[in-house]
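Shown next: target34.pdb, containing PDB, C-alpha atoms, pLDDT in the B column.
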ATOM      1  CA  MET A   1     157.909  75.332  92.821  1.00 37.00           C
ATOM      2  CA  SER A   2     157.596  78.869  94.111  1.00 42.00           C
ATOM      3  CA  GLU A   3     154.933  79.571  96.703  1.00 48.00           C
ATOM      4  CA  LYS A   4     153.110  82.877  96.578  1.00 50.00           C
ATOM      5  CA  LEU A   5     153.107  84.219 100.120  1.00 52.00           C
ATOM      6  CA  MET A   6     151.625  87.680  99.463  1.00 55.00           C
ATOM      7  CA  SER A   7     148.402  88.172  97.522  1.00 59.00           C
ATOM      8  CA  ASN A   8     148.030  90.896  94.913  1.00 59.00           C
ATOM      9  CA  GLY A   9     145.631  92.651  97.293  1.00 65.00           C
ATOM     10  CA  GLN A  10     148.266  92.675 100.036  1.00 63.00           C
ATOM     11  CA  GLY A  11     150.838  94.093  97.611  1.00 65.00           C
ATOM     12  CA  LEU A  12     148.403  96.825  96.572  1.00 68.00           C
ATOM     13  CA  GLU A  13     147.662  97.599 100.227  1.00 69.00           C
ATOM     14  CA  LEU A  14     151.392  97.875 100.955  1.00 64.00           C
ATOM     15  CA  ALA A  15     151.761 100.296  98.009  1.00 68.00           C
ATOM     16  CA  ARG A  16     148.773 102.364  99.217  1.00 72.00           C
ATOM     17  CA  MET A  17     150.162 102.589 102.739  1.00 69.00           C
ATOM     18  CA  GLY A  18     153.538 103.665 101.368  1.00 67.00           C
ATOM     19  CA  ARG A  19     151.967 106.425  99.256  1.00 73.00           C
ATOM     20  CA  ASP A  20     149.938 107.601 102.283  1.00 73.00           C
ATOM     21  CA  LYS A  21     153.215 107.897 104.228  1.00 68.00           C
ATOM     22  CA  GLY A  22     154.720 109.995 101.440  1.00 72.00           C
ATOM     23  CA  LEU A  23     157.101 107.337 100.119  1.00 65.00           C
ATOM     24  CA  LYS A  24     158.294 107.510  96.531  1.00 70.00           C
ATOM     25  CA  ALA A  25     157.485 104.644  94.146  1.00 68.00           C
ATOM     26  CA  GLN A  26     161.107 103.422  94.300  1.00 69.00           C
ATOM     27  CA  GLN A  27     160.977 103.264  98.108  1.00 65.00           C
ATOM     28  CA  ILE A  28     157.711 101.304  97.961  1.00 61.00           C
ATOM     29  CA  GLN A  29     159.175  98.831  95.464  1.00 65.00           C
ATOM     30  CA  SER A  30     162.224  98.435  97.701  1.00 62.00           C
ATOM     31  CA  SER A  31     159.919  97.709 100.659  1.00 62.00           C
ATOM     32  CA  GLN A  32     158.077  95.088  98.635  1.00 62.00           C
ATOM     33  CA  LYS A  33     161.414  93.493  97.729  1.00 66.00           C
ATOM     34  CA  VAL A  34     162.439  93.383 101.413  1.00 67.00           C
ATOM     35  CA  LEU A  35     159.070  91.923 102.401  1.00 70.00           C
ATOM     36  CA  GLY A  36     159.482  89.309  99.683  1.00 71.00           C
ATOM     37  CA  ARG A  37     162.853  88.346 101.180  1.00 68.00           C
ATOM     38  CA  VAL A  38     161.218  88.006 104.615  1.00 69.00           C
ATOM     39  CA  PHE A  39     158.603  85.684 103.102  1.00 70.00           C
ATOM     40  CA  ASP A  40     161.346  83.689 101.349  1.00 69.00           C
ATOM     41  CA  ALA A  41     163.219  83.328 104.668  1.00 67.00           C
ATOM     42  CA  ILE A  42     160.054  82.054 106.366  1.00 72.00           C
ATOM     43  CA  ARG A  43     159.400  79.581 103.545  1.00 68.00           C
ATOM     44  CA  ASP A  44     163.035  78.370 103.551  1.00 64.00           C
ATOM     45  CA  ASP A  45     163.248  78.245 107.377  1.00 66.00           C
ATOM     46  CA  ARG A  46     166.125  80.758 107.444  1.00 65.00           C
ATOM     47  CA  PRO A  47     166.650  83.405 110.151  1.00 63.00           C
ATOM     48  CA  ILE A  48     165.157  86.832 109.524  1.00 63.00           C
ATOM     49  CA  ILE A  49     167.609  89.653 110.155  1.00 57.00           C
ATOM     50  CA  PHE A  50     166.353  93.205 110.653  1.00 56.00           C
ATOM     51  CA  GLY A  51     168.650  96.176 110.247  1.00 51.00           C
ATOM     52  CA  PRO A  52     171.689  96.311 108.019  1.00 48.00           C
ATOM     53  CA  MET A  53     172.386  92.962 106.416  1.00 53.00           C
ATOM     54  CA  SER A  54     175.828  91.549 107.067  1.00 51.00           C
ATOM     55  CA  THR A  55     177.985  91.124 104.027  1.00 64.00           C
ATOM     56  CA  GLU A  56     180.032  88.531 105.912  1.00 72.00           C
ATOM     57  CA  LEU A  57     179.967  85.212 104.167  1.00 82.00           C
ATOM     58  CA  GLN A  58     178.072  82.456 105.965  1.00 84.00           C
ATOM     59  CA  TYR A  59     178.770  78.884 104.898  1.00 89.00           C
ATOM     60  CA  PRO A  60     176.033  76.275 105.286  1.00 90.00           C
ATOM     61  CA  SER A  61     176.479  74.138 108.395  1.00 90.00           C
ATOM     62  CA  PHE A  62     177.131  70.975 106.335  1.00 93.00           C
ATOM     63  CA  VAL A  63     180.401  72.472 104.996  1.00 94.00           C
ATOM     64  CA  ARG A  64     182.796  71.429 107.752  1.00 94.00           C
ATOM     65  CA  GLU A  65     186.063  72.516 106.110  1.00 95.00           C
ATOM     66  CA  ARG A  66     186.933  75.158 103.533  1.00 94.00           C
ATOM     67  CA  LEU A  67     189.546  73.729 101.177  1.00 95.00           C
ATOM     68  CA  THR A  68     190.362  76.830  99.082  1.00 94.00           C
ATOM     69  CA  PRO A  69     190.260  79.818 101.481  1.00 92.00           C
ATOM     70  CA  ASP A  70     193.205  81.498  99.743  1.00 93.00           C
ATOM     71  CA  LEU A  71     191.202  81.709  96.482  1.00 94.00           C
ATOM     72  CA  GLU A  72     187.888  83.053  97.695  1.00 92.00           C
ATOM     73  CA  VAL A  73     186.477  86.418  98.629  1.00 92.00           C
ATOM     74  CA  THR A  74     185.443  86.682 102.281  1.00 88.00           C
ATOM     75  CA  LYS A  75     182.359  88.859 101.803  1.00 91.00           C
ATOM     76  CA  VAL A  76     179.365  88.970  99.498  1.00 91.00           C
ATOM     77  CA  THR A  77     180.932  90.714  96.507  1.00 89.00           C
ATOM     78  CA  ASP A  78     179.757  91.919  93.102  1.00 92.00           C
ATOM     79  CA  PRO A  79     181.823  89.903  90.611  1.00 93.00           C
ATOM     80  CA  GLY A  80     181.251  92.340  87.768  1.00 92.00           C
ATOM     81  CA  GLU A  81     181.319  90.761  84.323  1.00 94.00           C
ATOM     82  CA  VAL A  82     181.556  86.961  84.344  1.00 95.00           C
ATOM     83  CA  ASP A  83     182.871  84.597  81.680  1.00 95.00           C
ATOM     84  CA  LEU A  84     181.705  80.985  81.542  1.00 95.00           C
ATOM     85  CA  TRP A  85     184.134  78.124  80.901  1.00 95.00           C
ATOM     86  CA  LEU A  86     183.462  74.496  80.010  1.00 94.00           C
ATOM     87  CA  ASP A  87     186.027  71.715  80.233  1.00 95.00           C
ATOM     88  CA  PRO A  88     185.958  70.189  76.702  1.00 94.00           C
ATOM     89  CA  ARG A  89     185.546  66.696  78.213  1.00 95.00           C
ATOM     90  CA  GLN A  90     182.150  67.736  79.600  1.00 94.00           C
ATOM     91  CA  GLY A  91     180.772  67.610  76.036  1.00 91.00           C
ATOM     92  CA  SER A  92     182.317  64.212  75.266  1.00 92.00           C
ATOM     93  CA  LYS A  93     181.184  60.632  75.915  1.00 92.00           C
ATOM     94  CA  ASN A  94     183.730  60.309  78.741  1.00 92.00           C
ATOM     95  CA  LYS A  95     182.484  62.922  81.206  1.00 95.00           C
ATOM     96  CA  PRO A  96     185.000  64.085  83.828  1.00 96.00           C
ATOM     97  CA  THR A  97     184.343  64.062  87.553  1.00 96.00           C
ATOM     98  CA  GLY A  98     184.271  67.311  89.476  1.00 95.00           C
ATOM     99  CA  HIS A  99     187.761  66.541  90.773  1.00 96.00           C
ATOM    100  CA  GLU A 100     189.029  66.307  87.178  1.00 96.00           C
ATOM    101  CA  VAL A 101     187.289  69.555  86.190  1.00 96.00           C
ATOM    102  CA  TYR A 102     188.885  71.275  89.209  1.00 96.00           C
ATOM    103  CA  GLU A 103     192.341  70.079  88.151  1.00 96.00           C
ATOM    104  CA  ALA A 104     191.700  71.146  84.526  1.00 95.00           C
ATOM    105  CA  HIS A 105     191.264  74.747  85.678  1.00 94.00           C
ATOM    106  CA  GLY A 106     194.958  75.073  86.428  1.00 93.00           C
ATOM    107  CA  ASP A 107     196.305  77.870  88.616  1.00 92.00           C
ATOM    108  CA  ASP A 108     195.470  80.717  86.208  1.00 92.00           C
ATOM    109  CA  ARG A 109     191.781  79.823  85.848  1.00 94.00           C
ATOM    110  CA  LEU A 110     191.373  79.048  89.552  1.00 94.00           C
ATOM    111  CA  LYS A 111     192.660  82.527  90.448  1.00 95.00           C
ATOM    112  CA  LYS A 112     189.823  83.954  88.324  1.00 96.00           C
ATOM    113  CA  ALA A 113     187.149  81.486  89.538  1.00 96.00           C
ATOM    114  CA  LEU A 114     183.995  82.764  91.174  1.00 96.00           C
ATOM    115  CA  SER A 115     183.603  81.996  94.856  1.00 96.00           C
ATOM    116  CA  LEU A 116     180.647  81.554  97.188  1.00 96.00           C
ATOM    117  CA  GLY A 117     180.665  85.314  97.894  1.00 94.00           C
ATOM    118  CA  HIS A 118     180.205  86.076  94.186  1.00 95.00           C
ATOM    119  CA  LEU A 119     177.405  83.519  93.794  1.00 95.00           C
ATOM    120  CA  LYS A 120     175.728  84.912  96.915  1.00 93.00           C
ATOM    121  CA  TRP A 121     175.800  88.381  95.265  1.00 92.00           C
ATOM    122  CA  PHE A 122     173.638  87.032  92.427  1.00 93.00           C
ATOM    123  CA  GLU A 123     171.322  85.244  94.873  1.00 91.00           C
ATOM    124  CA  GLU A 124     170.802  88.464  96.861  1.00 89.00           C
ATOM    125  CA  ASN A 125     170.631  90.689  93.753  1.00 88.00           C
ATOM    126  CA  PRO A 126     168.613  88.726  91.179  1.00 88.00           C
ATOM    127  CA  ASP A 127     168.256  91.841  89.031  1.00 87.00           C
ATOM    128  CA  GLN A 128     172.051  91.623  88.473  1.00 90.00           C
ATOM    129  CA  ILE A 129     171.960  88.089  87.033  1.00 91.00           C
ATOM    130  CA  PRO A 130     173.249  88.252  83.440  1.00 91.00           C
ATOM    131  CA  ALA A 131     170.355  88.109  80.964  1.00 89.00           C
ATOM    132  CA  GLU A 132     171.952  85.173  79.130  1.00 89.00           C
ATOM    133  CA  TRP A 133     171.733  83.075  82.333  1.00 89.00           C
ATOM    134  CA  LYS A 134     168.118  83.812  83.270  1.00 84.00           C
ATOM    135  CA  GLY A 135     165.709  80.932  82.845  1.00 80.00           C
ATOM    136  CA  LYS A 136     168.400  78.711  81.345  1.00 84.00           C
ATOM    137  CA  ALA A 137     169.336  75.259  82.581  1.00 85.00           C
ATOM    138  CA  LEU A 138     172.728  76.545  83.756  1.00 88.00           C
ATOM    139  CA  LEU A 139     174.643  75.673  86.872  1.00 92.00           C
ATOM    140  CA  VAL A 140     177.390  78.274  87.375  1.00 95.00           C
ATOM    141  CA  CYS A 141     180.049  76.822  89.672  1.00 96.00           C
ATOM    142  CA  GLY A 142     182.180  78.779  92.137  1.00 96.00           C
ATOM    143  CA  TRP A 143     185.424  76.785  92.091  1.00 97.00           C
ATOM    144  CA  ALA A 144     187.217  79.202  94.431  1.00 96.00           C
ATOM    145  CA  SER A 145     185.069  77.865  97.308  1.00 96.00           C
ATOM    146  CA  VAL A 146     185.559  74.108  97.423  1.00 97.00           C
ATOM    147  CA  GLY A 147     184.604  72.606 100.779  1.00 96.00           C
ATOM    148  CA  ARG A 148     184.369  69.256 102.558  1.00 96.00           C
ATOM    149  CA  ASP A 149     181.354  67.887 104.391  1.00 95.00           C
ATOM    150  CA  ALA A 150     181.255  65.694 107.521  1.00 93.00           C
ATOM    151  CA  SER A 151     181.476  62.472 105.493  1.00 95.00           C
ATOM    152  CA  GLY A 152     184.626  63.684 103.721  1.00 96.00           C
ATOM    153  CA  ASP A 153     183.003  64.473 100.362  1.00 96.00           C
ATOM    154  CA  CYS A 154     184.335  67.497  98.469  1.00 97.00           C
ATOM    155  CA  LEU A 155     181.687  69.983  97.346  1.00 97.00           C
ATOM    156  CA  VAL A 156     181.517  73.079  95.167  1.00 97.00           C
ATOM    157  CA  PRO A 157     178.786  75.739  95.309  1.00 97.00           C
ATOM    158  CA  TYR A 158     176.843  76.451  92.159  1.00 95.00           C
ATOM    159  CA  PHE A 159     174.259  79.035  91.220  1.00 95.00           C
ATOM    160  CA  HIS A 160     171.177  77.325  89.768  1.00 92.00           C
ATOM    161  CA  CYS A 161     169.610  79.614  87.158  1.00 88.00           C
ATOM    162  CA  PHE A 162     166.622  77.432  86.252  1.00 86.00           C
ATOM    163  CA  VAL A 163     164.767  77.567  89.575  1.00 85.00           C
ATOM    164  CA  ASP A 164     162.560  80.372  90.857  1.00 83.00           C
ATOM    165  CA  PRO A 165     164.106  82.150  92.591  1.00 85.00           C
ATOM    166  CA  PRO A 166     167.608  81.278  91.356  1.00 89.00           C
ATOM    167  CA  ARG A 167     169.735  80.097  94.279  1.00 91.00           C
ATOM    168  CA  ILE A 168     172.908  78.416  95.466  1.00 94.00           C
ATOM    169  CA  TYR A 169     173.203  74.675  95.911  1.00 94.00           C
ATOM    170  CA  TRP A 170     176.258  72.440  96.444  1.00 96.00           C
ATOM    171  CA  TYR A 171     177.481  69.650  94.173  1.00 94.00           C
ATOM    172  CA  ASN A 172     179.630  66.615  95.027  1.00 96.00           C
ATOM    173  CA  LEU A 173     182.925  66.489  93.116  1.00 96.00           C
ATOM    174  CA  ASP A 174     182.672  62.683  92.830  1.00 95.00           C
ATOM    175  CA  CYS A 175     179.809  63.138  90.320  1.00 94.00           C
ATOM    176  CA  LEU A 176     180.286  63.370  86.571  1.00 93.00           C
ATOM    177  CA  TRP A 177     180.261  66.934  85.221  1.00 92.00           C
ATOM    178  CA  LEU A 178     177.826  67.606  82.346  1.00 91.00           C
ATOM    179  CA  VAL A 179     177.606  70.366  79.711  1.00 90.00           C
ATOM    180  CA  ASP A 180     175.246  72.563  81.762  1.00 88.00           C
ATOM    181  CA  GLU A 181     177.691  72.725  84.711  1.00 91.00           C
ATOM    182  CA  LEU A 182     179.862  75.708  83.803  1.00 92.00           C
ATOM    183  CA  SER A 183     182.706  77.394  85.620  1.00 94.00           C
ATOM    184  CA  GLY A 184     182.152  81.057  86.412  1.00 94.00           C
ATOM    185  CA  LEU A 185     185.288  83.160  85.904  1.00 95.00           C
ATOM    186  CA  LEU A 186     185.923  86.821  86.654  1.00 95.00           C
ATOM    187  CA  ALA A 187     186.241  88.592  83.305  1.00 91.00           C
ATOM    188  CA  ASN A 188     188.866  91.102  84.542  1.00 74.00           C
TER     189      ASN A 188
END
Mind converting the file's structure to structure tokens?
Amino acid sequence: MSEKLMSNGQGLELARMGRDKGLKAQQIQSSQKVLGRVFDAIRDDRPIIFGPMSTELQYPSFVRERLTPDLEVTKVTDPGEVDLWLDPRQGSKNKPTGHEVYEAHGDDRLKKALSLGHLKWFEENPDQIPAEWKGKALLVCGWASVGRDASGDCLVPYFHCFVDPPRIYWYNLDCLWLVDELSGLLAN
């Protein structure tokens, strides 16, 4: 559930102050977007960074080991057009585990797999989320960024499109993979 941290009156006041300072409408909207991110950081108990945002990729502290560093991008990166792939077994009675889905990618698909840096791009730029993903019960997995936690479980990041705001979570590869858990692949 999304909490509303700024009232409509506060948003209007921010817009009025921006106009009084001679800001253009686009600059005011950008300021509101930044303020919204500050409120999200407070709500989610994340650090607030002022100044230029780093594009360096930060893994969550529970990921103790990166298992596929040779496949992933090292910065938050626009993936461009993305194709979605589903292992055919995910639609069958005998669902595969995440480990089996990973193996089914093969080398060619894994080289095109989205990574945490691509998923982070969508999280930080929600206006760039493909229209066909928005509001759908889709989990778009970034198989180029498989990691291991402290208990030895293998995890893959996924972009959850059906929450507000859409965001990245991590999924255990020991679980069965269902039809809404798709692999994101670079289209180029």
ask   = Applied to the shown file, which residues does the PyMOL selection byres ((chain A and resi 85) around 7) return, written as number ranges by chain?
value = A: 83-84, 86-87, 182-184
request  = Do a neighbour search on range 67-75 of chain A at 10 Å with only C-alpha atoms, toss out local chain neighbours closer than 5 positions, and write the hits as a ChimeraX atom specification.
outcome  = /A:54-58,110-118,120-121,142-148,154-155
task = Apply the PyMOL selection byres ((chain A and resi 175-181) around 6) to the displayed file and report the matching residues as a list in words.
result = Gln90, Gly91, Lys95, Pro96, Thr97, Gly98, Leu138, Leu139, Asn172, Leu173, Asp174 and Leu182 of chain A
Expected selection from the PyMOL selection byres ((chain A and resi 132) around 12), given as a short mmCIF file (atom, residue, chain, number, x, y, z; two decimals) with C-alpha atoms, keeping the file's coordinate frame:
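Here's the written file expr-v2.cif:
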data_model
loop_
_atom_site.label_atom_id
_atom_site.label_comp_id
_atom_site.auth_asym_id
_atom_site.auth_seq_id
_atom_site.Cartn_x
_atom_site.Cartn_y
_atom_site.Cartn_z
CA VAL A 82 181.56 86.96 84.34
CA ASP A 83 182.87 84.60 81.68
CA LEU A 84 181.70 80.98 81.54
CA GLN A 128 172.05 91.62 88.47
CA ILE A 129 171.96 88.09 87.03
CA PRO A 130 173.25 88.25 83.44
CA ALA A 131 170.36 88.11 80.96
CA TRP A 133 171.73 83.08 82.33
CA LYS A 134 168.12 83.81 83.27
CA GLY A 135 165.71 80.93 82.84
CA LYS A 136 168.40 78.71 81.34
CA ALA A 137 169.34 75.26 82.58
CA LEU A 138 172.73 76.54 83.76
CA CYS A 161 169.61 79.61 87.16
CA PHE A 162 166.62 77.43 86.25
#
task = Rank A:Pro60, A:Pro88, A:Gly36, A:Gly22 by their smallest atom-to-atom distance to Pro157 in chain A, using only C-alpha atoms, and report the top residue only.
result =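 Of the candidates, the smallest distance to Pro157 in chain A is held by A:Pro60.
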Proximity to Asn125 in chain A - best of A:Glu100, A:Asp164, A:Asp107, A:Asp78, all atoms listed in the file = A:Asp78
message = Quick check, in Å to one decimal: how far apart do CA of Glu103 in chain A and CA of Glu65 in chain A lie?
response =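 Computing it gives 19.2 Å between the two atoms.
Reported to one decimal place, the separation of CA of Cys141 in chain A from CA of Gly106 in chain A is 15.4 Å.
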query = Suppose you want the space between CA of Glu123 in chain A and CA of Ile168 in chain A; what is it in Å?
reply = 7.0 Å
All file atoms of range 93-101 of chain A boxed axis-aligned, 5 Å per side, centre plus edges, as JSON:
{"center_x": 185.1, "center_y": 64.9, "center_z": 83.3, "size_x": 17.8, "size_y": 19.2, "size_z": 24.9}
inquiry  = Using all atoms listed in the file, can you tell me which of A:Pro166, A:Asp149, A:Ala187, A:Val63 comes closest to Pro126 in chain A?
reply    =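 Checking each candidate against Pro126 in chain A, we get A:Pro166 as the closest.
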